[in-house]
Every structure is written in structure tokens, then in C-alpha cells.
Amino acid sequence: MCGFIGYINGTNVIDHHQTIENMMNTIIHRGPDSGGIHSDDTVTLGFRRLSIIDLSDVANQPLYSADGNIVLVFNGEIFNFQELRADLIEKGHNFKTHSDSEVIIYGYVEYGVEFVKKLRGMFAFCIWDKKNDLQFIARDGFGIKPLYYTENTTDGTFIFGSEIKSFLPHPSFIKELNKDALRPYLTFQYSSMDETFFKGVYKLQPAHYMLIKNGQKQIVQYWDKKFHAKEAPIEKYVEDIRTTVRESVDAHQISDVKVGSFLSGGIDSSYITSLLRPDKSFSVGFSDYEDMFNETNLAKDLSDTLNIQNERKYISADECFEALPKIQWHMDEPQSNPSSVPLYFLSELASKDVTVVLSGEGADEIFGGYSWYQNSGKMQKYEKVPFGIRKALRGIAEALPKNQYTHFLVKGGQTVEERFIGEAVVWDEEDALNVLKSDYKNGPSVKTITKRIYDEVPGDDDVTKMQYLDLNLWMPGDILLKADKMSMAHSIELRVPFLDKEVMELAKNIPSKYRVNDIDTKYVLRQAAHQELPEEWAKRPKLGFPVPIRHWLREEKYYKMVKEMFTTDFANEFFDTKQLVGYLDEHYEEKANRGRYIWTAYVFLVWYKQFFVDM
């Protein structure tokens with residue numbers, strides 16, 4: 001895993017070598033082992049390497065084809081590179097390295113841009129085809145590896161790379177806040193638009209590539225994650241999952257450096273760890289909250305059962321608040337998922353012993369693991385009432401004071417598109433609009449953002465629609481982004497075997513009744529995992545990565561810290577700060593639980609201070 005930065009030269013006369021060096025230095029954490037530059041009259045490319053496969057200098061990037069026509073910068077791993085390499089050698093291509101990177105060069109030479117469909121892995125790359133004056137930029141199917149681009153420059157320079165912060169040293173880049181990003185962020189807790197918090201800077205979407213020729217840009221989707229259920233006995237799917245996930249773990253452990261695993265008490269990381277059997281697993285918990293926010297004992301118990309050494313760390317509130325500015329700097333955009341904080345420290349812990357870690361991200365989205373996907377018994381009975389009647393009762397309930405009964409009636413009278421916007425919901429949208437200053441109320445509504453995804457699967461059942469939304473919004477925007485940025489902050493490569501093309505192709509076929517049913521969520525995966533894990537692990541309900549934020553914010557020290565931020569002059573630019581402090585006081589005095597409201601606003605301000613006040 002590495003990082004790259006590049007640009008198509010604009011009209012301003014600049015020192016390209018010094019400029020790309022400055023840009024590369026901002027992402028040296030992604031690749032501390034070596035750096036390399038390519039620069040010509042059209043394109044400038046910079047690369048930072050974290051050596052994983054073929055540790056020799058000959059595998060350093062930028063990497064060139066034998067004739068020098070093709071230049072590659074590549075971040076990630078191709079897990080079927082040996083199979084692809086054999087095919088390309090048979091077709092007459094000669095390789096000078098044993099790296100997975102070189103496969104991309106000769107795959108492109110042999111098959112053109114369609115070669116991206118053959119790749120099994122996590123990747124973002126740029127191929128500069130000098131002969132055809134073509135830039136080919138691509139991102140993996142799930143969005144495991146980030147890729148940003150912009151033309152918001154003073155001279156038409158087109159910049160692209162692994163992290164937005166690497167754009168900042170370019171003398172032509174225009175650093176400007178995207179005012180439309182704040183409104184949906186408050187509800188989603190992450191940057192949910194194609195355009196980022198930096199105006200004119202965009203994310204290349206997962207499973208897409210971009211072609212740039214003669215100044216013209218074309219973006220193409222090359223793969224999708226739509227489900228198409230095929231009826232078969234559940235026993236067949238259990239065996240298929242066991243075979244496919246085991247094969248994926250085998251592929252994901254290929255490395256020339258040490259490999260470990262992240263391990264919580266949940267089924268996903270436990271399943272991966274039980275198949276991997278690394279020398280070490282890594283876990284974190286929270287000091288002073290061991291009884292409430294701690295799965296490390298469960299992780300230790302499983303590690304002992306598997307004869308694996310478990311490294312653990314307990315994190316204090318002081319450590320978390322102190323690290324938050326650095327965490328947000330690494331994230332590039334504000335991201336208030338509380339689990340980013342322990343993941344940062346977990347990556348730091350693992351980096352002392354290994355360079356590659358396997359983790360359990362993606363199983364919930366692919367196999368249906370979230371509680372949102374499973375209706376309560378009462379709701380299942382209520383949904384037998386004709387929808388027209390439920391919709392009418394919803395109208396009545398919406399006019400009444402909010403309580404658990406009116407909430408039930410409102411939810412029961414909504415379509416899935418109306419009630420589900422993704423796994424995370426923080427600020428009520430009406431509350432968000434009320435707290436924002438007028439210049440920041442014009443961003444898209446949450447329904448506008450989710451509609452484009454729901455529109456792709458109009459005929460699917462509710463469970464499948466919710467999974468598809470999370471696969472295309474929540475997972476790349478939150479789960480995978482923080483996984484990449486927090487692991488790369490400590491120069492380690494995080495791999496996610498559940499988010500494998502072959503695993504997804506299998507999961508597409510599994511009927512929703514085997515994914516989520518009256519018995520459990522992630523039902524068929526639990527059956528498969530039961531073959532590898534003790535029963536209590538296979539059946540354990542999902543806990544997530546709980547963080548004691550609501551408790552910290554009721555301690556005077558952190559209450560004062562947050563209040564100081566809420567009352568700054570720059571906070572007043574975005575928020576009705578009196579209202580923000582009101583939420584803080586309400587929470588501190590234990591009149592209501594406003595922990596997530598407070599944290600999400602606070603994280604934004606910490607991020608803004610990093611990039612627009614202090615920089």
C-alpha cells in the first residue's frame with residue numbers, strides 16, 4: 001500500500017520537481033520506504049512507497065513498461081496478480097519485477113482499459129500512456145482505496161491523488177470550503193457527496209475509471225454490486241461462503257512482510273482471524289470504561305483458544321481528545337464516526353509489530369448484519385396492515401407530540417426510501433437546518449443524496465435496498481475511508497477479505513431471507529462461521545466499535561474544552577452557537593443525550609481549524 005499524487009501540467013510556469021516533492025511530503029506516512037517522480041511536458045507524477053510485495057528497489061514506482069511508453073503509479077494490492085502474470089507471460093510479456101504493480105502495466109498493454117475488470121483487489125492507480133496521450137485513472141469496486149481529483153486551479157491544472165492534503169502545496173490549487181457539504185454531514189456524520197468539503201475537489205466513485213484525452217474527460221462504471229438472488233438450499237450457500245471466504249483470506253495474506261489481524265469480540269474479525277491464524281492479533285478498549293466499552297477480553301479469549309498472541313491497549317479520554325486534531329488531519333474531511341478514534345490507536349498498536357493487518361469490514365453490508373435491516377416482531381405484524389391505512393395513520397401521528405408510539409406509526413407508514421438513509425443517522429435534519437447559518441443551509445437534503453442510489457434498485461425488497469444503499473454510500477464514505485486513513489496514518493496496510501470481488505459475486509446470489517430473517521441478521525454468514533468458531537462467537541450480536549463519548553462530554557474538563565470551541569469566532573460563521581452551547585449544556589446536565597450532536601459539530605470545527613485556521 002502506498003500513496004500517489006499527480007497532475008496534468010497547467011499554463012503557469014512552476015518548478016515541477018520541487019512542487020511534486022512538496023506534495024509528496026504531505027503523504028509520506030502512506031509510503032515511508034521510498035519515493036519516486038516522473039515529469040515530462042504533459043504530466044507530473046509523484047509516488048510514496050510502503051513495500052509489501054517484492055521489497056527490492058526494482059519494484060519502486062513510478063513503474064515503466066519496457067519501451068518506456070507506459071508510466072504507472074498505483075496504490076493497493078492485486079490479489080490475483082500471480083494468475084494474471086502467468087496469463088500475460090504466456091502472451092509474450094516480459095516482467096522485470098515480482099510485484100503486483102507490473103501486472104497492471106502489461107494488462108493494460110494487452111487488454112486496454114477493460115483490463116480493470118480482471119483485477120481482484122483494492123486499488124487506485126493512474127496510467128499515463130504517452131504514445132496515445134491518455135490518462136487512465138481507476139478505483140477499486142468497493143472504494144477500499146481513496147482517489148480524489150480537481151480542476152479548481154488558477155491555470156487549468158488537473159490534480160489527482162490519494163489524499164486531498166497533497167493538493168494544498170500546488171501553487172495553482174484554490175483552497176476553498178464547499179459550503180454545501182456541511183448540511184448533509186451533520187446528519188450522515190461523514191462527507192456524503194461526490195464533491196468533498198474542499199470546493200471543486202471530487203471523489204472518483206468506486207468501480208469507476210476516468211479517461212482523459214485532449215482535455216476531455218470520460219467517467220465509466222465498470223462493475224456494480226446489485227443483488228440478483230438465486231434460490232438454492234441454505235446448506236449450499238453455507239458451504240460456498242466457507243470455501244470462498246477461506247480462499248479470499250488465503251489471497252489476502254500474500255505478503256513479503258509480517259501480517260496480523262484486528263480482533264474485537266464480534267463475529268466478523270473473529271472469523272477472519274480464525275482462518276488467518278496470524279502470530280498476533282490486536283485489540284483496544286477504553287480506560288475507566290472497561291465494563292461498558294470493552295471487547296478486549298473476548299478478543300483475548302479467542303486468541304488464547306486459537307493459540308495466537310493478543311496485543312491490547314486501553315485508551316484514555318485525554319489521549320483521544322489530544323489525538324483528534326491529528327486524526328481529522330489524516331481524514332482530509334470531517335468524519336465524526338466515533339470509531340475512527342480507537343481505530344487510530346489500534347493501527348498505532350499494530351504498527352509496532354506488523355506491516356499488514358486483516359480486518360472484518362464489509363461483512364455487515366454484504367451479508368446483512370445491521371440491526372436496521374431486521375424489523376421488530378411488532379413492526380412485522382403491523383406491516384400486514386395495508387400500506388394505505390398505515391400511511392394515513394402516519395399522517396395523524398406526525399401531527400402529534402413525538403413519543404415511542406407516534407414514532408412507531410410514522411415508521412410503519414413510510415417506504416424504505418423514506419425511512420432509511422443509511423447506517424448512520426446523527427442530527428435530525430430539521431435540527432441541523434435550525435442550527436446552521438443561512439449560507440450553509442443550501443446543501444442537498446439527505447433524501448436527495450440517497451435517491452440516486454435507491455433509483456438503481458426500484459424493484460428489490462427492503463432488505464436488499466438498504467444493503468445496496470449502505471454498500472454504495474455508508475461503506476465507501478465512512479467505513480472504508482476511516483479504515484484506509486487511520487491505518488495509513490501509521491504506515492500499515494489494512495486488508496478486508498470480505499470485500500473481495502469473488503465474495504461479493506457469491507453474496508449477490510444469496511436470497512435476502514438467508515441474509516436477514518426472524519432468527520438473526522447475517523444469518524447465513526453466522527452458519528458458515530459456526531464451522532470455524534465457538535458457538536458463542538458465531539451467535540454474538542453486533543456491538544460495533546462503542547466509544548464512551550457521551551460519558552466524556554459529561555466530565556467538566558471535556559465539557560469546557562468543547563464549549564471553548566463552540567464559542568470561537570469561526571464557529572459563529574457556521575452555527576447558531578447559542579443553540580450549540582444549549583445542546584452541550586443539556587447533555588452535560590443530563591437532561592438529554594446529545595452526545596452525538598455535540599461530537600459531530602465539534603469534529604467539524606476541529607477539522608476546519610486544522611485546514612482553514614491554522615494552515
# chains A, B, ... in the order shown; residues from 1 in each chain; ligands from 1
>>> residues_around(residues="Glu418 in chain A", least_positions_apart="6", cutoff="12 Å", atoms="only C-alpha atoms", output="MDAnalysis selection string")
chainID A and resid 391 410:412 446:448 450:451 454 462 465:466
>>> residues_around(residues="Ile127 in chain A", least_positions_apart="5", cutoff="8 Å", atoms="only C-alpha atoms", output="count of residues only")
8
>>> residues_around(residues="Gln221 in chain A", least_positions_apart="4", cutoff="7 Å", atoms="only C-alpha atoms", output="PyMOL selection string")
chain A and resi 207-209
>>> residues_around(residues="range 17-29 of chain A", least_positions_apart="2", cutoff="6 Å", atoms="only C-alpha atoms", output="PyMOL selection string")
chain A and resi 15+31-32+166+169+489+491
>>> select_by_dssp(residues="range 295-526 of chain A", states="strand (DSSP E or B)", output="list in words")
Gln309, Asn310, Glu311, Arg312, Lys313, Tyr314, Ile315, Val356, Val357, Leu358, Leu436, Glu493, Leu494 and Arg495 of chain A
>>> write_last_selection(atoms="all heavy atoms", output="short mmCIF file (atom, residue, chain, number, x, y, z; two decimals), in the first residue's frame")
data_model
loop_
_atom_site.label_atom_id
_atom_site.label_comp_id
_atom_site.auth_asym_id
_atom_site.auth_seq_id
_atom_site.Cartn_x
_atom_site.Cartn_y
_atom_site.Cartn_z
N GLN A 309 -1.06 -14.79 19.96
CA GLN A 309 -0.73 -13.75 20.93
C GLN A 309 -1.59 -12.53 20.67
O GLN A 309 -1.68 -12.05 19.54
CB GLN A 309 0.74 -13.37 20.82
CG GLN A 309 1.20 -12.35 21.88
CD GLN A 309 2.69 -12.05 21.79
OE1 GLN A 309 3.45 -12.82 21.20
NE2 GLN A 309 3.10 -10.94 22.37
N ASN A 310 -2.24 -12.02 21.70
CA ASN A 310 -3.11 -10.85 21.56
C ASN A 310 -2.48 -9.64 22.24
O ASN A 310 -2.17 -9.67 23.42
CB ASN A 310 -4.49 -11.13 22.18
CG ASN A 310 -5.43 -9.93 22.09
OD1 ASN A 310 -5.81 -9.33 23.10
ND2 ASN A 310 -5.81 -9.57 20.88
N GLU A 311 -2.26 -8.58 21.45
CA GLU A 311 -1.72 -7.33 21.97
C GLU A 311 -2.89 -6.38 22.22
O GLU A 311 -3.72 -6.16 21.34
CB GLU A 311 -0.75 -6.71 20.97
CG GLU A 311 0.47 -7.56 20.66
CD GLU A 311 1.43 -7.63 21.84
OE1 GLU A 311 1.36 -6.75 22.72
OE2 GLU A 311 2.27 -8.57 21.87
N ARG A 312 -2.95 -5.82 23.46
CA ARG A 312 -4.08 -4.96 23.82
C ARG A 312 -3.61 -3.61 24.34
O ARG A 312 -2.51 -3.49 24.88
CB ARG A 312 -4.92 -5.63 24.92
CG ARG A 312 -5.63 -6.88 24.46
CD ARG A 312 -6.57 -7.39 25.53
NE ARG A 312 -5.87 -8.04 26.64
CZ ARG A 312 -6.47 -8.48 27.75
NH1 ARG A 312 -7.78 -8.31 27.90
NH2 ARG A 312 -5.78 -9.07 28.69
N LYS A 313 -4.47 -2.62 24.15
CA LYS A 313 -4.19 -1.29 24.68
C LYS A 313 -5.50 -0.68 25.17
O LYS A 313 -6.55 -0.83 24.54
CB LYS A 313 -3.59 -0.39 23.59
CG LYS A 313 -3.40 1.08 24.03
CD LYS A 313 -2.83 1.92 22.90
CE LYS A 313 -2.82 3.41 23.26
NZ LYS A 313 -1.93 3.72 24.40
N TYR A 314 -5.41 0.01 26.32
CA TYR A 314 -6.56 0.76 26.83
C TYR A 314 -6.31 2.25 26.62
O TYR A 314 -5.25 2.76 26.96
CB TYR A 314 -6.79 0.46 28.31
CG TYR A 314 -7.31 -0.94 28.54
CD1 TYR A 314 -6.46 -1.96 28.93
CD2 TYR A 314 -8.66 -1.23 28.35
CE1 TYR A 314 -6.93 -3.26 29.12
CE2 TYR A 314 -9.14 -2.52 28.53
CZ TYR A 314 -8.27 -3.52 28.92
OH TYR A 314 -8.75 -4.80 29.09
N ILE A 315 -7.29 2.91 26.03
CA ILE A 315 -7.14 4.30 25.63
C ILE A 315 -7.86 5.20 26.65
O ILE A 315 -8.99 4.91 27.06
CB ILE A 315 -7.76 4.55 24.25
CG1 ILE A 315 -7.34 3.46 23.27
CG2 ILE A 315 -7.37 5.92 23.70
CD1 ILE A 315 -8.23 3.40 22.04
N VAL A 356 1.14 -5.41 7.69
CA VAL A 356 -0.14 -5.72 7.07
C VAL A 356 -1.08 -6.27 8.14
O VAL A 356 -0.67 -7.10 8.97
CB VAL A 356 0.01 -6.76 5.94
CG1 VAL A 356 -1.35 -7.22 5.43
CG2 VAL A 356 0.84 -6.18 4.79
N VAL A 357 -2.34 -5.80 8.15
CA VAL A 357 -3.36 -6.36 9.04
C VAL A 357 -4.60 -6.70 8.23
O VAL A 357 -4.96 -5.98 7.30
CB VAL A 357 -3.74 -5.40 10.19
CG1 VAL A 357 -2.66 -5.32 11.22
CG2 VAL A 357 -4.10 -4.02 9.67
N LEU A 358 -5.24 -7.79 8.61
CA LEU A 358 -6.54 -8.15 8.03
C LEU A 358 -7.63 -7.76 9.02
O LEU A 358 -7.44 -7.85 10.24
CB LEU A 358 -6.60 -9.65 7.73
CG LEU A 358 -6.13 -10.09 6.33
CD1 LEU A 358 -4.69 -9.68 6.09
CD2 LEU A 358 -6.31 -11.59 6.15
N LEU A 436 -27.80 25.76 11.65
CA LEU A 436 -26.88 26.28 10.65
C LEU A 436 -27.18 27.74 10.30
O LEU A 436 -28.35 28.14 10.23
CB LEU A 436 -26.94 25.43 9.38
CG LEU A 436 -26.29 24.05 9.44
CD1 LEU A 436 -26.64 23.24 8.20
CD2 LEU A 436 -24.78 24.17 9.59
N GLU A 493 -0.74 -1.45 6.16
CA GLU A 493 -1.72 -1.77 5.13
C GLU A 493 -2.85 -2.59 5.74
O GLU A 493 -2.62 -3.66 6.30
CB GLU A 493 -1.06 -2.55 4.00
CG GLU A 493 -2.04 -3.03 2.95
CD GLU A 493 -1.35 -3.62 1.74
OE1 GLU A 493 -0.76 -2.83 0.98
OE2 GLU A 493 -1.38 -4.85 1.56
N LEU A 494 -4.08 -2.08 5.62
CA LEU A 494 -5.25 -2.79 6.14
C LEU A 494 -5.96 -3.46 4.97
O LEU A 494 -6.30 -2.82 3.99
CB LEU A 494 -6.19 -1.81 6.84
CG LEU A 494 -7.36 -2.42 7.61
CD1 LEU A 494 -7.72 -1.53 8.80
CD2 LEU A 494 -8.59 -2.58 6.73
N ARG A 495 -6.16 -4.77 5.09
CA ARG A 495 -6.83 -5.55 4.05
C ARG A 495 -8.16 -6.09 4.56
O ARG A 495 -8.28 -6.43 5.74
CB ARG A 495 -5.94 -6.71 3.60
CG ARG A 495 -4.62 -6.26 2.97
CD ARG A 495 -3.76 -7.46 2.59
NE ARG A 495 -2.50 -7.06 1.96
CZ ARG A 495 -1.57 -7.92 1.55
NH1 ARG A 495 -1.77 -9.24 1.71
NH2 ARG A 495 -0.46 -7.48 0.98
#
>>> select_by_dssp(residues="range 12-235 of chain A", states="helix (DSSP H, G or I)", output="PyMOL selection string")
chain A and resi 16-25+28-30+57-59+81-90+101-118+164-167+179-188+234-235
>>> residues_around(residues="Phe160 in chain A", least_positions_apart="3", cutoff="7 Å", atoms="only C-alpha atoms", output="ChimeraX atom specification")
/A:5-7,148-150
>>> decode(residues="range 562-587 of chain A", atoms="N, CA, C and O atoms", output="mmCIF file, in the first residue's frame")
data_model
loop_
_atom_site.group_PDB
_atom_site.id
_atom_site.type_symbol
_atom_site.label_atom_id
_atom_site.label_comp_id
_atom_site.auth_asym_id
_atom_site.auth_seq_id
_atom_site.Cartn_x
_atom_site.Cartn_y
_atom_site.Cartn_z
ATOM 1 N N VAL A 562 -14.933 21.556 24.805
ATOM 2 C CA VAL A 562 -15.868 21.662 23.690
ATOM 3 C C VAL A 562 -16.548 23.038 23.686
ATOM 4 O O VAL A 562 -16.713 23.659 22.631
ATOM 5 N N LYS A 563 -16.915 23.513 24.862
ATOM 6 C CA LYS A 563 -17.578 24.821 24.937
ATOM 7 C C LYS A 563 -16.661 25.919 24.405
ATOM 8 O O LYS A 563 -17.119 26.855 23.726
ATOM 9 N N GLU A 564 -15.384 25.814 24.701
ATOM 10 C CA GLU A 564 -14.426 26.809 24.194
ATOM 11 C C GLU A 564 -14.419 26.809 22.668
ATOM 12 O O GLU A 564 -14.368 27.870 22.039
ATOM 13 N N MET A 565 -14.481 25.617 22.061
ATOM 14 C CA MET A 565 -14.513 25.529 20.604
ATOM 15 C C MET A 565 -15.826 26.074 20.047
ATOM 16 O O MET A 565 -15.851 26.781 19.028
ATOM 17 N N PHE A 566 -16.936 25.765 20.701
ATOM 18 C CA PHE A 566 -18.247 26.212 20.238
ATOM 19 C C PHE A 566 -18.408 27.734 20.299
ATOM 20 O O PHE A 566 -19.282 28.287 19.623
ATOM 21 N N THR A 567 -17.619 28.394 21.110
ATOM 22 C CA THR A 567 -17.769 29.845 21.270
ATOM 23 C C THR A 567 -16.671 30.637 20.549
ATOM 24 O O THR A 567 -16.507 31.833 20.794
ATOM 25 N N THR A 568 -15.920 29.980 19.659
ATOM 26 C CA THR A 568 -14.916 30.698 18.870
ATOM 27 C C THR A 568 -15.591 31.540 17.789
ATOM 28 O O THR A 568 -16.740 31.289 17.404
ATOM 29 N N ASP A 569 -14.870 32.511 17.283
ATOM 30 C CA ASP A 569 -15.402 33.357 16.217
ATOM 31 C C ASP A 569 -15.683 32.544 14.959
ATOM 32 O O ASP A 569 -16.691 32.777 14.283
ATOM 33 N N PHE A 570 -14.809 31.583 14.660
ATOM 34 C CA PHE A 570 -15.046 30.828 13.421
ATOM 35 C C PHE A 570 -16.221 29.862 13.558
ATOM 36 O O PHE A 570 -16.883 29.544 12.569
ATOM 37 N N ALA A 571 -16.521 29.401 14.766
ATOM 38 C CA ALA A 571 -17.717 28.564 14.952
ATOM 39 C C ALA A 571 -18.970 29.369 14.639
ATOM 40 O O ALA A 571 -19.945 28.848 14.070
ATOM 41 N N ASN A 572 -18.941 30.635 14.966
ATOM 42 C CA ASN A 572 -20.084 31.525 14.718
ATOM 43 C C ASN A 572 -20.334 31.736 13.230
ATOM 44 O O ASN A 572 -21.423 32.124 12.823
ATOM 45 N N GLU A 573 -19.337 31.467 12.406
ATOM 46 C CA GLU A 573 -19.501 31.553 10.953
ATOM 47 C C GLU A 573 -20.492 30.508 10.454
ATOM 48 O O GLU A 573 -21.257 30.749 9.522
ATOM 49 N N PHE A 574 -20.536 29.338 11.102
ATOM 50 C CA PHE A 574 -21.323 28.208 10.619
ATOM 51 C C PHE A 574 -22.609 27.969 11.406
ATOM 52 O O PHE A 574 -23.628 27.581 10.829
ATOM 53 N N PHE A 575 -22.536 28.189 12.723
ATOM 54 C CA PHE A 575 -23.599 27.722 13.601
ATOM 55 C C PHE A 575 -24.211 28.855 14.422
ATOM 56 O O PHE A 575 -23.553 29.860 14.708
ATOM 57 N N ASP A 576 -25.450 28.636 14.826
ATOM 58 C CA ASP A 576 -26.042 29.407 15.914
ATOM 59 C C ASP A 576 -25.383 28.862 17.183
ATOM 60 O O ASP A 576 -25.802 27.846 17.727
ATOM 61 N N THR A 577 -24.326 29.511 17.614
ATOM 62 C CA THR A 577 -23.512 28.954 18.703
ATOM 63 C C THR A 577 -24.257 28.923 20.029
ATOM 64 O O THR A 577 -23.974 28.077 20.884
ATOM 65 N N LYS A 578 -25.203 29.825 20.193
ATOM 66 C CA LYS A 578 -26.018 29.786 21.416
ATOM 67 C C LYS A 578 -26.796 28.478 21.472
ATOM 68 O O LYS A 578 -26.907 27.848 22.541
ATOM 69 N N GLN A 579 -27.313 28.070 20.331
ATOM 70 C CA GLN A 579 -28.056 26.816 20.277
ATOM 71 C C GLN A 579 -27.127 25.611 20.475
ATOM 72 O O GLN A 579 -27.483 24.651 21.170
ATOM 73 N N LEU A 580 -25.942 25.692 19.894
ATOM 74 C CA LEU A 580 -24.972 24.616 20.085
ATOM 75 C C LEU A 580 -24.609 24.449 21.556
ATOM 76 O O LEU A 580 -24.591 23.335 22.090
ATOM 77 N N VAL A 581 -24.309 25.556 22.216
ATOM 78 C CA VAL A 581 -23.970 25.511 23.641
ATOM 79 C C VAL A 581 -25.167 25.020 24.448
ATOM 80 O O VAL A 581 -25.000 24.317 25.459
ATOM 81 N N GLY A 582 -26.362 25.350 23.993
ATOM 82 C CA GLY A 582 -27.565 24.847 24.664
ATOM 83 C C GLY A 582 -27.642 23.331 24.631
ATOM 84 O O GLY A 582 -27.969 22.685 25.642
ATOM 85 N N TYR A 583 -27.331 22.744 23.483
ATOM 86 C CA TYR A 583 -27.277 21.280 23.385
ATOM 87 C C TYR A 583 -26.198 20.721 24.310
ATOM 88 O O TYR A 583 -26.396 19.691 24.973
ATOM 89 N N LEU A 584 -25.049 21.385 24.349
ATOM 90 C CA LEU A 584 -23.948 20.945 25.201
ATOM 91 C C LEU A 584 -24.348 20.984 26.672
ATOM 92 O O LEU A 584 -24.112 20.022 27.424
ATOM 93 N N ASP A 585 -24.970 22.070 27.090
ATOM 94 C CA ASP A 585 -25.408 22.208 28.494
ATOM 95 C C ASP A 585 -26.460 21.157 28.835
ATOM 96 O O ASP A 585 -26.435 20.560 29.921
ATOM 97 N N GLU A 586 -27.392 20.970 27.906
ATOM 98 C CA GLU A 586 -28.461 19.993 28.110
ATOM 99 C C GLU A 586 -27.867 18.598 28.340
ATOM 100 O O GLU A 586 -28.326 17.849 29.211
ATOM 101 N N HIS A 587 -26.839 18.286 27.578
ATOM 102 C CA HIS A 587 -26.192 16.973 27.729
ATOM 103 C C HIS A 587 -25.388 16.908 29.031
ATOM 104 O O HIS A 587 -25.480 15.919 29.771
#
